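Undergrad: This is the structure, below, for whatever I ask next.
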Amino acid sequence: MDMHFRARPRSLSGASLPSLALAAAFAALGATPALAQQEPGATVEPGDETTAQDQAAEAQPAGTAAQPEEDIVVTGFRGALQSAINAKRNSNDIVDVINAEDIADFPDANLAESLQRVPGISIERDAGEGRNITVRGLGGDFSRVRLNGLEAISATTGSTLGSTINRGRGFDFSLFASELFNSITVRKSQSAEIDEGSLGATVDLQTARPFDRKGLRGAASVQGAYYEMGKHVQPRVAALISDTFANDTIGVLVSGAYSERTVEEEAYSNTALSDFWESQQGFCPVVPGTAVTPINTLVTTAPFTPNCTPAPGPVPGSTPAAYAEVARAGVFVPRLPGYGRFVNRQKRLGLTAAVQWQPSDRTLLTIDGAYSRYDQRKNDLATNPISFNRGNGTAAGSLTARQATGRPNMKIREAEVDETGLLRYGVFDDTDFRMTNAFERSVTHFWQVSGALRQEFGDRGVLNVLAGESRSLFKVPEFTLISFDRLDSDGFVFDSREDKRRPILNFGFDASDPANWNFINGYSDIRVQRQRVDNKFRNAKADFAWEFDQYVTGKVGFAYKRFTFETQSQSRLTSTIINAPIPAGSSVASLSQPITNFGRGLNLPEGSTTSFIVPDIDAFEAVYDYNCNCQNALGDFRIGTAAALGNNRFVRETDTSPYLQLDFDLPLNETIRLRGNLGARYAWTKQFSTGFISAALPIVEARRSYEDFLPAANLAVEVGEDLVFRFAAAKAISRPALSNLTPGGAVSTTGNLFTSTVGNPELEPFRSNNYDASAEWYFMPGAVLQVAVFQKDLKTFAQQLLTQTTVGNSGIPASAFPAGTDPNTPLNITNFQTTEGGRIRGLEVNYQQPFTFLPGFLSNFGALLNYTHINSKISYFLTANPNGPVLRDQLINVSPHSFNATLYYEKGGFSARLSGAYRKEYLRQVPLRAGLADATGSYSTFNLDAALSYDLTDNIGINIDMLNLTDQPTDFWDGKTIRDQQVFSKTGRQFFVGARFKF
């Protein structure tokens, strides 16, 4: 990209913030993409065709005297940075901007990975690819993503079988290829003209349009992708063509991107900890009302229900000393330690189109369309000692009793416990093992169509009208889990004495020999499920601006939004347990497949079991025909909603919101200008939801409405030529996940204590008072030094709480319970409830500069650095009683410290970038679970990426992208003090080599 702008001559002393020594220090740190931070300045609303490149031509601050000028041409990556800085500087709202270097040439392979370079933003990667973002301490459900001006929600699932389906409001950035976009704007402050719905940020994704650059133009890129784990080589292609006609009054653009990706992940995992003493002795220290998890729609943990059934004590055959070592109060053992290999075959197709018509200088009509299809074929191959995952009970040896008891059947031969109370070593006999292969086929279809009209009235009035519709349809047409089992196996070794992250798991037998496994009648599993999540969105808005004079502009507008959310779930109507043994002519050997060389990249210690077998999904289907939705000689394979009725629910939300806003740009004296906006939006929200509580009930309905008055102000004070001070304050709301607003759920009436998990249509929105202040110094062209502070006072929050009541006082219809149930029967209800919030405070430091002040080849370097500190304190309730105990801890998924750095070099068609992203360890779930009520979390992470490109001609270039050069693992822990390893997995490095053509 070539960009021309005017710049005043400067002396080196006036332009050089860093010295040579400082520049050398920056060169040692790492790098970022074509990103430029941006704070309050000129907003670009849908229908406004002023691009960041156009804004670059207006780099001279308003109100300054004319200076001698010289033409400077900035190209490539530096040009993208410069245009983004100009957009940041000119905006009245606090924003950050990332621009593509050229059409179909976004600076990262994934949009989330570009966003992590923005101060205040962190991402969580899924199988090596950025998927979700956290902005200033608030996750994806608290931020809005707009695609070409329309809010976008995408329902997908992660790359591994352990990932859950996104049923919240968050956007999955893996849905679209980055090549389809030419800019991202992150709006960190709220103004009245920006639709409500975000506490964290509004992220605007913009696809290309034909009037961005008029005339015939096109681009194509082809890359071969190499994935280190599994050594897969696969294609990634993108293309764009655009032209304008009729004297440049009509333009048409079409772009597309297609990629294939096979992700393999090797993992050690332990899904949970369990207090061994409490499990063995039946001790029940946690009363009903214990909190489970704060709201996090991507990862929601089932509530803990105390099991107070007395247990028999030591199992005959255990070594007394070893049993005594483990069976002390406060000793924890891994609940499901095991190995897993995840294989995900992805295909992603994205298409965009735009048509623009400008019949006059005052009228512009734009029609945008976007489509994505994201296919995944996933296998979760896992093995573990399933005895560790079972509760207490009797020590009877029957198969039925074994299913209910589990651990009491095991004998503890040897055991060591560390100083934190965590089992670090053990040898166990009579252990049951399970080997599973879970296959899931899923597809997400996303489409969006919108029309934007910009009409000018005279020299003062501008009307912008936007209307559109989008849909995200996620389907799982096939999910199957099949298991092999081995009972009463002796000599299982768990040993984490040398390495907690990668303990030795030695099964004590040859797990690769089919003769050592069984498909056991009435015990082993064939599970069949189907799921569907359908999100629809309609939006219409009108914005009118009238320029009263050169200093003041008034704005008025109205927005209408309608969301609908529907989820359906089906599973086998009877049990998930198969009804017949392996038929004649088949065997474990014929129904299995080998897994060898497990642990690639994990560096498992000597003695670990690294070869085993898993069920062969295709072979099982050929024999059992389990997808027939029928009864056959080998089992009942009918599926339907009755077995999972509580997961079938619907929500419709309608939001209407008018606003008034006043924009101003006032010269206070010769060197100081005051600009910004003041306004307020009034939001009405109406909800209608339905759901089922049990198979015996008709559908349950709920209706609700509420209102919010949302004032907002953004002020920017320009001092002299280079300094901008900013201040912003606003009331903001973020509505709860639609999936949590239904009245449906499930009721369990087994045992002495009935339980129910239901939604909550009365859940309040998240409300916050947000405050921002920053200082920006634009000390030379293409450079900025910025310090920003912010505070978010959360007035409401939400937690999943377990409340004890009775059947009669629960509000659940009596028909959901067995006939004749005593109304005084105890009932535990688990749902999301509105709770107190807390406070988030943060500091951001951002520095960006091309090193043009340095001599020789050093002048071709440049750097982008930013640091974010976040201090959060949230009130987590430990009981449903508002006067009960409260735990105050950090907000989940928020690193208190994060740092991003980019070092780049650009000269003569050659460009190189090195980018690093660090985030300190953070909490993932608070409180944790009964018996260990503190947290789960992630260790610190550091990702290093690099990119090289060279222009062979003006039209042809070659490029190499290298991702995850540090081979950063997914590294999660359980318990702040205990630090049991929850997950340690790797997906390996990724390399992309290709060529690009443009005209």
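A note on labels: chains of the structure tokens are A, B, ... as shown, every chain counts residues from 1, and ligands are counted from 1 in their shown order.
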Can you list, as a count of residues only, every protein, DNA or RNA residue that comes within 9 Å of Ile133 of chain A when you count only C-alpha atoms, leaving out same-chain residues fewer than 3 positions away?

TA: 16

Undergrad: List the spatial neighbours of Arg454 of chain A as a PyMOL selection string - criterion: any atom at most 8 Å away, only C-alpha atoms, same-chain residues fewer than 2 positions off excluded.

TA: chain A and resi 47-48+362-365+452+456+462-465

Undergrad: Go ahead and compute the interatomic distance for atom CA of Leu573 of chain A and atom CA of Glu621 of chain A, in Å to one decimal.

TA: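 Interatomic distance here is 18.4 Å.
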
Undergrad: Where does segment 768-826 of chain A meet segment 840-855 of chain A within 6 Å, residue by residue, with the nearest atom pair and distance in Å to one decimal for each, counting only C-alpha atoms, listed by chain and rising number, as JSON lines?

TA:
{"residue": "A:Ala783", "atom": "CA", "partner": "A:Gln849", "partner_atom": "CA", "distance": 4.2}
{"residue": "A:Val784", "atom": "CA", "partner": "A:Gln848", "partner_atom": "CA", "distance": 5.3}
{"residue": "A:Leu785", "atom": "CA", "partner": "A:Tyr847", "partner_atom": "CA", "distance": 4.5}
{"residue": "A:Gln786", "atom": "CA", "partner": "A:Asn846", "partner_atom": "CA", "distance": 5.0}
{"residue": "A:Val787", "atom": "CA", "partner": "A:Val845", "partner_atom": "CA", "distance": 4.6}
{"residue": "A:Ala788", "atom": "CA", "partner": "A:Glu844", "partner_atom": "CA", "distance": 5.0}
{"residue": "A:Val789", "atom": "CA", "partner": "A:Leu843", "partner_atom": "CA", "distance": 4.5}
{"residue": "A:Phe790", "atom": "CA", "partner": "A:Gly842", "partner_atom": "CA", "distance": 5.3}
{"residue": "A:Gln791", "atom": "CA", "partner": "A:Arg841", "partner_atom": "CA", "distance": 4.4}
{"residue": "A:Lys792", "atom": "CA", "partner": "A:Ile840", "partner_atom": "CA", "distance": 5.0}

Undergrad: Counting only C-alpha atoms, which of A:Met435, A:Ala324, A:Ala155, A:Val263 gets nearest to Arg532 of chain A?

TA: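 Under the stated criterion, the closest residue is A:Ala155.
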
Undergrad: So that I can check the surroundings of Glu762 of chain A, please list as a list in words every protein, DNA and RNA residue that reaches within 12 Å of it, counting only C-alpha atoms and ignoring chain neighbours fewer than 3 positions away.

TA: Lys686, Gln687, Phe688, Ser689, Ala702, Arg703, Arg704, Ser705, Tyr706, Arg735, Pro736, Leu738, Asn740, Leu741, Thr742, Pro743, Val758, Gly759, Pro765, Ala798, Asn831, Phe832, Gln833 and Thr834 of chain A

Undergrad: Nearest residue to Ser940 of chain A out of A:Asn669, A:Thr567, A:Ser895, A:Asn955, using only C-alpha atoms?

TA: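 Checking each candidate against Ser940 of chain A, we get A:Ser895 as the closest.
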
Undergrad: I'd like to know which of A:Pro210, A:Gly975, A:Pro813, A:Gly230 is closest to Gly601 of chain A, using only C-alpha atoms.

TA: A:Gly230

Undergrad: Between atom CA of Ala540 of chain A and atom CA of Glu196 of chain A, what is the distance in Å, rounded to a tenth?

TA: 14.1 Å

Undergrad: Write out as JSON, numbers by chain the set of residues from segment 460-556 of chain A that DSSP, computed on the backbone, places in strand (DSSP E).

TA: {"A": [461, 462, 463, 464, 465, 466, 467, 468, 469, 470, 471, 472, 473, 474, 475, 476, 477, 478, 479, 480, 481, 482, 483, 484, 485, 486, 487, 488, 489, 492, 493, 494, 495, 504, 505, 506, 526, 527, 528, 529, 530, 531, 532, 533, 534, 535, 536, 537, 538, 539, 540, 541, 542, 543, 544, 545, 546, 547, 552, 553, 554, 555, 556]}

Undergrad: Under the rule that only C-alpha atoms are counted, which of A:Phe332, A:Phe563, A:Phe797, A:Phe817 is the nearest residue to Thr977 of chain A?

TA: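 Ranked by minimum distance to Thr977 of chain A, first place goes to A:Phe332.
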
Undergrad: Write out as a PyMOL selection string the residues lying within 7 Å of Gly369 of chain A, counting only C-alpha atoms and excluding same-chain residues fewer than 6 positions away.

TA: chain A and resi 352-354+448-450

Undergrad: Write the residues of the selection above to a file with N, CA and C atoms, as a CSV table (one decimal), in the first residue's frame.

TA:
chain,number,residue,atom,x,y,z
A,352,THR,N,-17.4,-13.0,0.6
A,352,THR,CA,-18.0,-11.7,0.8
A,352,THR,C,-18.3,-11.1,-0.6
A,353,ALA,N,-19.3,-10.2,-0.6
A,353,ALA,CA,-19.6,-9.4,-1.8
A,353,ALA,C,-20.1,-8.1,-1.4
A,354,ALA,N,-19.9,-7.1,-2.2
A,354,ALA,CA,-20.4,-5.8,-2.0
A,354,ALA,C,-20.7,-5.1,-3.3
A,448,GLN,N,-24.9,-13.2,6.2
A,448,GLN,CA,-25.4,-11.9,6.6
A,448,GLN,C,-25.6,-11.1,5.3
A,449,VAL,N,-26.7,-10.3,5.3
A,449,VAL,CA,-27.0,-9.4,4.2
A,449,VAL,C,-27.4,-8.1,4.8
A,450,SER,N,-26.8,-7.0,4.3
A,450,SER,CA,-27.2,-5.7,4.9
A,450,SER,C,-27.2,-4.6,3.7

Undergrad: Quick one: of A:Thr757, A:Thr654, A:Ser774, A:Gln376, who's nearest to Val724 of chain A, counting only C-alpha atoms?

TA: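 Among the listed residues, A:Ser774 lies closest to Val724 of chain A.
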